[in-house]
Amino acid sequence: METRDIESFFELYINDKRFNVDLSVYECGWERCAPSHHFGPTKRNYYIFHFIFGGKGVYKVNNQLFEVGENQIFNIYPNEIHQYTASFEEPWEYFWIGFNGVEVPQIIKEIFKENKYVVSVL
């Protein structure tokens with residue numbers, strides 16, 4: 001198997017002051033992944049949007065596999081086992097935002113109308 005000399009970079013911000021009950025941002029960050037970089041399987045107790053602005057990869061949740069690429073968002077729901085992997089040929093670059101709150105389920109329904117896990121934004 002061929003290896004690539006591309007490093008993975010990321011930045012992370014964690015909000016320690018989660019006071020808003022309607023919508024609270026827990027964390028946000030950015031990552032340019034190395035080829036085949038993966039995360040999971042794991043589950044979290046809050047929602048996370050990953051917006052891909054370059055490259056591609058796959059997102060697996062509930063025995064469903066989604067090919068996700070540039071200008072798409074994949075959504076992670078609380079307490080669902082998930083994993084995601086960057087492409088070897090075109091590893092993705094994305095930013096993410098983790099959040100929760102009483103208004104979040106309605107916001108999610110408005111954004112992810114047809115597919116509850118992946119949506120194209122452009």
# chains A, B, ... in the order shown; residues from 1 in each chain; ligands from 1
>>> select_by_dssp(residues="range 5-121 of chain A", states="alpha helix (DSSP H)", output="VMD selection string")
chain A and resid 104 to 111
>>> residues_around(residues="range 67-72 of chain A", least_positions_apart="6", cutoff="12 Å", atoms="only C-alpha atoms", output="PyMOL selection string")
chain A and resi 49-61+84-87+90-96+111-112+115+117-122
>>> closest_residue(among="A:Lys113, A:Asn62, A:His37, A:Gly98", to="Leu23 in chain A", atoms="only C-alpha atoms")
A:Gly98
>>> closest_residue(among="A:Asn63, A:Gln106, A:Gln83, A:Asn75", to="Tyr47 in chain A", atoms="only C-alpha atoms")
A:Asn75
